[in-house]
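> Please find final.cif (mmCIF, C-alpha atoms) on the next line:
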data_upload
#
loop_
_atom_site.label_atom_id
_atom_site.label_comp_id
_atom_site.auth_asym_id
_atom_site.auth_seq_id
_atom_site.Cartn_x
_atom_site.Cartn_y
_atom_site.Cartn_z
CA MET A 1 6.69 -22.43 23.56
CA SER A 2 4.88 -24.05 20.66
CA MET A 3 2.21 -22.88 18.27
CA LYS A 4 -1.04 -24.42 19.52
CA ARG A 5 -3.68 -22.19 17.99
CA GLN A 6 -4.27 -20.97 14.46
CA ILE A 7 -7.28 -18.92 13.47
CA VAL A 8 -8.78 -20.42 10.32
CA GLY A 9 -11.56 -19.72 7.84
CA MET A 10 -12.34 -16.19 6.73
CA LEU A 11 -9.68 -14.59 8.92
CA VAL A 12 -6.84 -16.47 7.27
CA VAL A 13 -8.26 -16.19 3.77
CA ALA A 14 -9.02 -12.48 4.08
CA VAL A 15 -6.12 -11.10 6.08
CA GLY A 16 -3.91 -14.02 7.07
CA VAL A 17 -4.00 -13.54 10.84
CA PHE A 18 -2.47 -16.18 13.10
CA ALA A 19 -2.60 -16.59 16.85
CA VAL A 20 -0.06 -18.15 19.19
CA PRO A 21 -0.19 -18.46 22.98
CA THR A 22 1.78 -16.01 25.11
CA SER A 23 1.77 -14.92 28.72
CA ALA A 24 -0.65 -12.33 30.08
CA VAL A 25 0.55 -8.81 29.41
CA GLY A 26 -0.28 -5.22 30.11
CA ALA A 27 1.17 -1.84 29.24
CA GLY A 28 2.16 0.63 31.94
CA SER A 29 -0.21 3.61 31.93
CA HIS A 30 2.54 6.26 32.17
CA ARG A 31 4.64 5.05 29.27
CA TRP A 32 4.53 4.55 25.52
CA SER A 33 6.69 1.47 25.33
CA GLN A 34 6.42 0.50 21.66
CA SER A 35 4.68 1.13 18.36
CA GLY A 36 1.03 1.86 19.09
CA GLY A 37 1.85 2.55 22.74
CA GLY A 38 1.57 -1.05 23.94
CA PRO A 39 1.49 -4.65 22.72
CA GLY A 40 -2.06 -4.35 21.37
CA ASN A 41 -1.02 -1.56 18.95
CA THR A 42 -4.15 0.38 19.99
CA ALA A 43 -2.48 3.82 20.25
CA ALA A 44 -4.78 4.48 23.21
CA ILE A 45 -3.65 7.31 25.48
CA THR A 46 -4.00 6.00 29.03
CA ALA A 47 -2.36 8.90 30.87
CA PRO A 48 -3.37 12.16 29.11
CA GLY A 49 -2.61 14.31 32.13
CA ASN A 50 -4.26 17.71 31.76
CA LEU A 51 -4.71 17.41 27.99
CA SER A 52 -8.41 17.54 27.09
CA PRO A 53 -10.76 19.11 24.52
CA ALA A 54 -10.68 22.27 26.62
CA THR A 55 -6.89 22.56 26.94
CA VAL A 56 -5.48 21.44 23.55
CA THR A 57 -6.77 24.68 22.06
CA LYS A 58 -4.06 26.51 24.05
CA LEU A 59 -0.91 24.48 23.54
CA VAL A 60 2.56 25.86 24.15
CA LEU A 61 5.85 24.56 22.76
CA ASP A 62 7.97 23.52 25.77
CA TYR A 63 11.07 22.95 23.68
CA SER A 64 12.25 22.25 20.15
CA HIS A 65 15.64 20.59 20.50
CA ALA A 66 17.96 19.64 17.65
CA VAL A 67 18.68 15.92 17.26
CA SER A 68 22.10 14.95 15.94
CA ASP A 69 20.77 12.42 13.44
CA PHE A 70 17.77 11.79 11.19
CA VAL A 71 14.78 10.11 12.89
CA THR A 72 11.72 9.28 10.82
CA GLN A 73 9.55 7.22 13.15
CA SER A 74 7.67 7.70 16.40
CA PRO A 75 9.77 7.50 19.56
CA VAL A 76 8.87 5.35 22.54
CA LEU A 77 8.86 6.61 26.13
CA ALA A 78 9.69 4.86 29.40
CA LYS A 79 10.69 6.35 32.77
CA GLY A 80 11.36 9.80 31.40
CA VAL A 81 13.49 8.70 28.46
CA LEU A 82 12.54 8.70 24.77
CA TYR A 83 14.13 6.08 22.50
CA ALA A 84 14.39 6.34 18.72
CA GLY A 85 16.34 4.73 15.88
CA THR A 86 18.23 6.80 13.31
CA LEU A 87 19.00 6.50 9.61
CA SER A 88 22.68 6.06 10.47
CA GLY A 89 21.89 2.85 12.36
CA ARG A 90 21.94 4.05 15.97
CA VAL A 91 19.57 4.16 18.94
CA LEU A 92 19.18 7.49 20.72
CA ALA A 93 18.17 7.81 24.38
CA ILE A 94 16.72 11.31 24.86
CA ASP A 95 15.76 13.06 28.10
CA SER A 96 12.03 13.77 27.77
CA GLY A 97 12.33 16.73 30.12
CA ASN A 98 14.64 18.80 27.94
CA GLY A 99 15.03 16.99 24.60
CA ARG A 100 18.78 16.41 24.98
CA THR A 101 20.39 13.11 24.01
CA ARG A 102 21.72 11.16 27.00
CA TRP A 103 23.47 8.36 25.09
CA SER A 104 23.44 6.47 21.79
CA ARG A 105 24.51 3.03 20.58
CA SER A 106 24.97 1.42 17.16
CA LEU A 107 22.62 -1.31 15.95
CA CYS A 108 24.21 -4.71 15.44
CA ASP A 109 23.80 -4.60 11.65
CA ARG A 110 24.59 -0.85 11.55
CA LYS A 111 21.56 -0.38 9.30
CA GLN A 112 18.68 2.04 9.74
CA PRO A 113 15.62 0.67 11.56
CA ALA A 114 13.47 -1.61 9.42
CA TYR A 115 10.81 0.19 7.42
CA ASN A 116 7.96 -0.50 5.00
CA GLY A 117 5.34 1.29 2.91
CA SER A 118 3.00 1.83 5.86
CA GLU A 119 5.29 2.98 8.65
CA GLU A 120 8.77 3.79 9.81
CA THR A 121 9.32 1.29 12.60
CA SER A 122 9.78 2.15 16.28
CA PRO A 123 11.80 0.51 19.07
CA ALA A 124 10.23 -1.56 21.85
CA VAL A 125 11.14 -1.14 25.54
CA GLY A 126 10.65 -3.69 28.30
CA SER A 127 12.42 -6.12 30.65
CA GLY A 128 15.18 -3.58 31.20
CA ALA A 129 16.13 -3.23 27.55
CA VAL A 130 15.33 -1.46 24.29
CA PHE A 131 15.00 -3.49 21.06
CA VAL A 132 15.26 -2.30 17.46
CA LEU A 133 14.91 -4.39 14.30
CA GLY A 134 17.46 -3.20 11.74
CA ASP A 135 16.90 -3.17 8.01
CA GLY A 136 19.74 -5.67 7.74
CA GLY A 137 17.59 -8.28 9.48
CA VAL A 138 19.15 -8.25 12.95
CA LEU A 139 17.24 -7.53 16.17
CA THR A 140 19.42 -5.46 18.52
CA GLY A 141 18.91 -5.53 22.30
CA ILE A 142 20.51 -2.83 24.50
CA HIS A 143 20.38 -2.66 28.30
CA LEU A 144 18.74 0.52 29.60
CA ALA A 145 21.03 0.67 32.63
CA ALA A 146 24.58 1.99 32.32
CA PRO A 147 26.84 1.13 30.59
CA HIS A 148 23.99 0.60 28.07
CA ASP A 149 25.69 -2.43 26.55
CA VAL A 150 24.48 -4.27 23.46
CA PHE A 151 23.64 -7.74 24.79
CA ALA A 152 21.66 -9.27 21.93
CA CYS A 153 22.24 -9.45 18.17
CA VAL A 154 19.57 -11.84 16.87
CA PRO A 155 19.38 -12.58 13.11
CA ILE A 156 15.71 -12.69 12.08
CA PRO A 157 15.02 -14.95 9.08
CA GLY A 158 13.25 -13.67 6.01
CA LEU A 159 13.64 -9.89 6.30
CA ALA A 160 13.71 -8.16 2.92
CA SER A 161 15.04 -4.61 2.93
CA GLY A 162 12.16 -2.16 2.96
CA ASN A 163 9.60 -4.58 4.39
CA GLY A 164 10.21 -4.76 8.14
CA TRP A 165 7.91 -4.09 11.08
CA SER A 166 8.25 -2.69 14.57
CA PRO A 167 9.08 -5.27 17.25
CA THR A 168 6.54 -5.92 20.00
CA ILE A 169 7.34 -6.75 23.63
CA ALA A 170 4.96 -8.46 26.02
CA GLY A 171 5.38 -10.72 29.03
CA GLY A 172 9.18 -10.81 28.74
CA VAL A 173 9.07 -11.83 25.07
CA VAL A 174 10.02 -9.77 22.00
CA TYR A 175 8.10 -10.59 18.82
CA ALA A 176 9.29 -9.62 15.35
CA ALA A 177 7.75 -10.20 11.92
CA THR A 178 9.50 -10.34 8.54
CA ASP A 179 8.54 -11.24 4.99
CA SER A 180 8.43 -14.93 5.80
CA HIS A 181 8.62 -15.49 9.56
CA VAL A 182 7.38 -14.54 13.00
CA VAL A 183 9.88 -15.03 15.81
CA ALA A 184 9.81 -14.83 19.60
CA VAL A 185 12.94 -13.82 21.54
CA ASN A 186 13.63 -13.88 25.28
CA ALA A 187 13.80 -10.21 26.29
CA ARG A 188 16.22 -10.90 29.16
CA THR A 189 18.76 -13.05 27.36
CA GLY A 190 18.23 -12.45 23.64
CA ALA A 191 17.80 -16.19 23.06
CA MET A 192 15.44 -17.31 20.30
CA ILE A 193 12.36 -19.01 21.78
CA TRP A 194 10.71 -20.01 18.53
CA SER A 195 10.52 -19.14 14.84
CA ARG A 196 7.47 -19.86 12.68
CA ALA A 197 7.14 -19.53 8.92
CA LEU A 198 4.19 -17.67 7.41
CA PRO A 199 2.07 -19.55 4.85
CA ALA A 200 3.57 -19.94 1.42
CA GLY A 201 2.85 -16.97 -0.82
CA GLY A 202 2.29 -14.59 2.08
CA SER A 203 4.39 -11.89 3.69
CA ALA A 204 4.04 -10.05 6.98
CA ALA A 205 1.85 -6.97 6.70
CA SER A 206 1.67 -5.71 10.27
CA ASN A 207 3.42 -5.56 13.60
CA VAL A 208 2.78 -8.51 15.86
CA VAL A 209 -0.02 -7.48 18.26
CA VAL A 210 -0.65 -9.16 21.61
CA ASP A 211 -3.81 -9.33 23.73
CA ALA A 212 -5.51 -11.80 26.06
CA GLY A 213 -2.65 -14.29 25.88
CA LEU A 214 -2.49 -14.45 22.07
CA ALA A 215 -0.21 -12.88 19.47
CA PHE A 216 -1.40 -11.97 15.98
CA VAL A 217 0.19 -10.88 12.71
CA ALA A 218 -1.39 -10.02 9.37
CA SER A 219 -0.01 -11.68 6.25
CA ASN A 220 -0.66 -10.54 2.70
CA ASN A 221 -1.28 -13.40 0.32
CA PHE A 222 -1.45 -11.65 -3.02
CA ALA A 223 -2.34 -14.86 -4.83
CA GLU A 224 -5.56 -15.13 -2.82
CA THR A 225 -6.52 -11.71 -1.49
CA LYS A 226 -4.97 -9.13 -3.87
CA MET A 227 -4.74 -6.87 -0.82
CA GLY A 228 -2.06 -4.42 0.25
CA HIS A 229 -0.80 -3.56 3.72
CA GLU A 230 -3.04 -4.50 6.59
CA THR A 231 -3.45 -2.86 9.97
CA LEU A 232 -4.21 -4.56 13.27
CA ALA A 233 -5.09 -3.53 16.81
CA ALA A 234 -6.26 -5.75 19.66
CA ALA A 235 -8.10 -5.02 22.91
CA ASP A 236 -10.78 -6.57 25.11
CA ALA A 237 -10.47 -9.97 23.37
CA ARG A 238 -11.28 -8.43 19.98
CA LEU A 239 -9.01 -7.99 17.00
CA ILE A 240 -9.73 -4.99 14.75
CA THR A 241 -8.45 -5.30 11.18
CA GLY A 242 -8.21 -2.75 8.38
CA GLY A 243 -6.77 -2.64 4.90
CA GLY A 244 -9.96 -4.01 3.37
CA THR A 245 -13.22 -3.53 5.25
CA VAL A 246 -12.67 -2.55 8.89
CA GLN A 247 -13.86 -5.55 10.91
CA ALA A 248 -13.79 -6.97 14.44
CA TRP A 249 -13.03 -10.62 15.21
CA ALA A 250 -13.18 -12.71 18.37
CA GLU A 251 -9.57 -13.37 19.28
CA THR A 252 -10.02 -16.86 20.66
CA THR A 253 -12.17 -18.29 17.85
CA GLY A 254 -11.61 -16.08 14.80
CA SER A 255 -15.37 -15.62 14.39
CA SER A 256 -16.66 -12.31 13.04
CA VAL A 257 -18.08 -9.88 15.63
CA TRP A 258 -18.98 -7.09 13.23
CA ALA A 259 -18.08 -5.70 9.81
CA SER A 260 -18.33 -1.99 9.09
CA SER A 261 -18.86 -0.24 5.77
CA VAL A 262 -15.50 1.54 6.04
CA GLN A 263 -12.96 0.48 3.43
CA GLY A 264 -9.20 0.80 3.02
CA ALA A 265 -8.02 1.99 6.43
CA ASP A 266 -4.38 3.07 6.68
CA ALA A 267 -4.58 2.71 10.46
CA VAL A 268 -6.97 1.80 13.26
CA THR A 269 -6.87 2.99 16.86
CA ILE A 270 -8.89 1.66 19.82
CA SER A 271 -9.68 4.04 22.68
CA GLY A 272 -12.44 3.03 25.09
CA ASN A 273 -15.54 2.26 23.05
CA ARG A 274 -14.25 4.04 19.96
CA VAL A 275 -12.39 2.62 16.97
CA VAL A 276 -10.78 5.55 15.18
CA VAL A 277 -10.01 4.89 11.51
CA ALA A 278 -7.60 7.02 9.47
CA GLY A 279 -6.82 7.19 5.77
CA SER A 280 -10.06 5.84 4.35
CA GLU A 281 -12.97 7.24 2.30
CA ALA A 282 -10.70 9.97 0.96
CA THR A 283 -11.68 12.67 -1.48
CA PRO A 284 -9.17 13.63 -4.22
CA SER A 285 -7.70 16.27 -1.91
CA GLN A 286 -8.51 15.17 1.64
CA GLY A 287 -8.53 12.13 3.90
CA ALA A 288 -11.24 11.15 6.33
CA LEU A 289 -11.04 10.46 10.04
CA ILE A 290 -13.86 8.14 11.12
CA ALA A 291 -15.00 6.83 14.49
CA LEU A 292 -16.85 3.53 14.95
CA ASN A 293 -18.55 2.02 17.97
CA ALA A 294 -16.12 -0.67 19.19
CA THR A 295 -18.96 -2.95 20.30
CA THR A 296 -21.19 -2.81 17.23
CA GLY A 297 -19.10 -1.29 14.43
CA SER A 298 -21.70 1.41 13.80
CA ARG A 299 -20.41 4.72 12.50
CA GLN A 300 -20.30 7.48 15.11
CA TRP A 301 -18.86 10.35 13.08
CA ARG A 302 -16.77 11.26 10.03
CA THR A 303 -14.67 14.36 9.39
CA LEU A 304 -12.27 15.37 6.62
CA VAL A 305 -8.68 16.07 7.65
CA GLY A 306 -5.60 16.87 5.63
CA SER A 307 -4.56 14.53 2.86
CA GLU A 308 -5.71 11.21 1.47
CA GLU A 309 -3.32 9.15 3.62
CA GLU A 310 -2.77 9.43 7.34
CA SER A 311 -0.61 8.05 10.14
CA GLN A 312 -2.03 6.04 13.01
CA PRO A 313 -3.84 8.46 15.32
CA SER A 314 -3.41 8.33 19.06
CA ALA A 315 -6.54 8.89 21.11
CA GLY A 316 -7.52 9.41 24.73
CA GLY A 317 -8.61 12.03 27.22
CA GLY A 318 -11.40 13.00 24.83
CA VAL A 319 -9.02 13.94 21.96
CA THR A 320 -7.62 12.30 18.80
CA TYR A 321 -4.12 13.30 17.63
CA LEU A 322 -3.14 12.82 13.98
CA VAL A 323 -0.19 13.94 11.84
CA ASP A 324 -1.33 14.81 8.32
CA LEU A 325 0.69 13.36 5.45
CA ASP A 326 0.68 16.41 3.16
CA THR A 327 1.10 19.30 5.58
CA GLY A 328 3.03 17.59 8.38
CA SER A 329 0.74 19.34 10.89
CA LEU A 330 -0.77 17.89 14.05
CA PHE A 331 -4.58 17.76 13.92
CA MET A 332 -6.54 17.41 17.17
CA ASN A 333 -10.21 16.42 17.03
CA ARG A 334 -12.77 15.79 19.74
CA LEU A 335 -13.13 12.05 20.26
CA SER A 336 -16.86 12.24 20.99
CA ASP A 337 -17.97 13.88 17.73
CA GLY A 338 -14.93 14.57 15.51
CA HIS A 339 -15.05 18.35 15.92
CA LEU A 340 -11.71 19.95 14.97
CA LEU A 341 -10.21 21.47 18.10
CA ALA A 342 -6.78 22.71 17.01
CA VAL A 343 -3.95 22.36 14.47
CA VAL A 344 -0.30 23.01 15.34
CA SER A 345 2.81 22.99 13.16
CA HIS A 346 6.52 23.49 13.59
CA PRO A 347 7.32 27.03 12.41
CA ASP A 348 10.08 26.01 9.98
CA ASP A 349 9.55 22.31 9.40
CA TYR A 350 6.98 19.53 9.30
CA TYR A 351 6.27 16.56 11.55
CA ALA A 352 7.16 13.00 10.55
CA GLU A 353 4.02 12.06 8.66
CA LEU A 354 4.16 8.31 9.24
CA GLY A 355 4.64 8.73 12.98
CA THR A 356 2.04 8.40 15.72
CA PRO A 357 1.92 11.30 18.20
CA VAL A 358 3.22 10.12 21.58
CA VAL A 359 1.00 11.59 24.32
CA VAL A 360 1.87 10.89 27.96
CA ASP A 361 1.28 12.82 31.20
CA GLY A 362 0.16 16.06 29.57
CA HIS A 363 2.88 16.20 26.91
CA ILE A 364 2.89 15.56 23.15
CA TYR A 365 6.17 14.39 21.57
CA LEU A 366 6.85 14.72 17.84
CA PHE A 367 9.92 14.62 15.60
CA THR A 368 10.24 17.07 12.73
CA GLN A 369 11.41 15.66 9.42
CA SER A 370 13.56 17.41 6.83
CA GLY A 371 17.16 17.67 5.67
CA SER A 372 19.84 15.56 7.33
CA ALA A 373 18.74 16.02 10.97
CA ASN A 374 15.62 16.57 13.05
CA ARG A 375 14.22 18.45 15.96
CA LEU A 376 12.24 16.94 18.84
CA ASP A 377 9.25 19.06 19.85
CA ARG A 378 7.27 18.78 23.07
CA TRP A 379 3.88 20.47 23.35
CA SER A 380 1.90 20.98 26.55
CA ALA A 381 -1.28 22.73 27.65
CA ALA A 382 -0.76 26.33 28.73
CA ALA A 383 -0.79 26.83 32.50
#
Is it possible to give me this structure as structure tokens?

Amino acid sequence: MSMKRQIVGMLVVAVGVFAVPTSAVGAGSHRWSQSGGGPGNTAAITAPGNLSPATVTKLVLDYSHAVSDFVTQSPVLAKGVLYAGTLSGRVLAIDSGNGRTRWSRSLCDRKQPAYNGSEETSPAVGSGAVFVLGDGGVLTGIHLAAPHDVFACVPIPGLASGNGWSPTIAGGVVYAATDSHVVAVNARTGAMIWSRALPAGGSAASNVVVDAGLAFVASNNFAETKMGHETLAAADARLITGGGTVQAWAETTGSSVWASSVQGADAVTISGNRVVVAGSEATPSQGALIALNATTGSRQWRTLVGSEEESQPSAGGGVTYLVDLDTGSLFMNRLSDGHLLAVVSHPDDYYAELGTPVVVDGHIYLFTQSGSANRLDRWSAAA
């Protein structure tokens, strides 16, 4: 597979986004297979179950189960199993029904999952395997079926400790981005398909996102843009970018579709005709959650929540779900108008503030974060 398309002009100068062909992809509706839920990094909830604006006001804690190691990122969910990397360099497979660990395996480099200033990275699940990029620069592939063997240890060029990104899986290909490269790996065999260098002076500033047969990654070029971490999400042949002004671009041409007045987004989420923006337009003591029209970029609503920086929200079923950075609480707002519906917290702890709430089939999954270990909480609507 060769690189045949590169978006040029404003998109490269402003946020350094590149496109490469890939096969058509789609995320299963009853799973949360990777960071942002699917290859487009939209964090859209496609199977909310009975969770709605009417029911999230009466949540119950199904379980709060101790985890044997420290997990800082969002888990992923596939076929009733949650997968998460740990600070000790292992992958945990956790039964989503009761929160108990089924099995664990060491990463190839025995390092914690890659991380950066914007997120703690998550695994990616697909093609019968789970993949984690370690902070030592090695992509580990583990078969989901017993005996859960490690079948792939793929060195990824250019990874600097503390600046790694979650892998993305789509169409049987695993994509990973580092400081200097984007790579594609065969998800069945672990063989490298291709490796491409980012432009000189730039470094990866987002997960790879995939939509409509193209893969994208943001690259900071401090010499040209003086910009920090970017954020990307892709759906319906449009790429939504944050970091600077939140904008929409046509995926196939790189032409601008709209530019909003919202600046400095920590994260963007696409759910239906809403783009939900977190971590921008903050006051000295609070952050703002903003919704834009996905077609026009016009502002639909704005509400203050928690602190000045936020995680990526998840959104669907008429509700947005957001973990606040300062309090570690889960905020739930109505997607139509931003009205605050409910706030829940762990009684003795706080939720991982850089994690995205995983919401599938009427359940909300969150890791707590403190000390040397965690708890996994699952919330559901009261019967």
> Looking at only C-alpha atoms, which of A:Ala54, A:Leu61, A:Ala43, A:Val246 is the one that sits closest to Asp377 of chain A?
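Of the candidates, the smallest distance to Asp377 of chain A is held by A:Leu61.
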> Which residues fall under the PyMOL selection byres ((chain A and resi 217) around 7) in this file, as a PyMOL selection string?
chain A and resi 17-18+204+206-209+216+218-219
> Taking only C-alpha atoms into account, produce a table as CSV in which each residue of segment 297-328 of chain A with an atom at most 10 Å from an atom of segment 334-349 of chain A appears once, together with its shortest atom pair and the distance in Å to one decimal, ordered by chain and rising number.

residue,atom,partner,partner_atom,distance
A:Gln300,CA,A:Asp337,CA,7.3
A:Trp301,CA,A:Asp337,CA,5.9
A:Arg302,CA,A:Gly338,CA,6.7
A:Thr303,CA,A:Gly338,CA,6.1
A:Leu304,CA,A:Gly338,CA,9.3
A:Val305,CA,A:Leu340,CA,8.8
A:Ala315,CA,A:Leu335,CA,7.4
A:Gly316,CA,A:Leu335,CA,7.6
A:Gly317,CA,A:Leu335,CA,8.3
A:Gly318,CA,A:Leu335,CA,5.0
A:Val319,CA,A:Arg334,CA,4.7
A:Thr320,CA,A:Leu335,CA,5.7
A:Tyr321,CA,A:Arg334,CA,9.2
A:Leu322,CA,A:Val343,CA,9.6
A:Val323,CA,A:Val343,CA,9.6
A:Thr327,CA,A:Ser345,CA,8.6
A:Gly328,CA,A:Ser345,CA,7.2
> For a test of reading the model, state the distance in Å between atom CA of Gln312 of chain A and atom CA of Thr295 of chain A, rounded to one decimal.
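For atom CA of Gln312 of chain A relative to atom CA of Thr295 of chain A, the distance reads 20.5 Å.
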> What's the 7 Å shell around segment 236-241 of chain A, counting all atoms listed in the file, without same-chain residues fewer than 3 positions away, as number ranges by chain?
A: 211-212, 231-233, 246-251
> Quick one: of A:Ala152, A:Leu159, A:Ala44, A:Ala259, who's nearest to Thr356 of chain A, counting all atoms listed in the file?
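Closest residue, counting all atoms listed in the file: A:Ala44.
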> Go ahead and compute the interatomic distance for atom CA of Ala291 of chain A and atom CA of Ala235 of chain A, in Å to one decimal.
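Separating atom CA of Ala291 of chain A from atom CA of Ala235 of chain A is a distance of 16.1 Å.
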> For atom CA of Thr57 of chain A and atom CA of Asn41 of chain A, determine how far apart the two atoms are, in Å to one decimal place.
27.0 Å
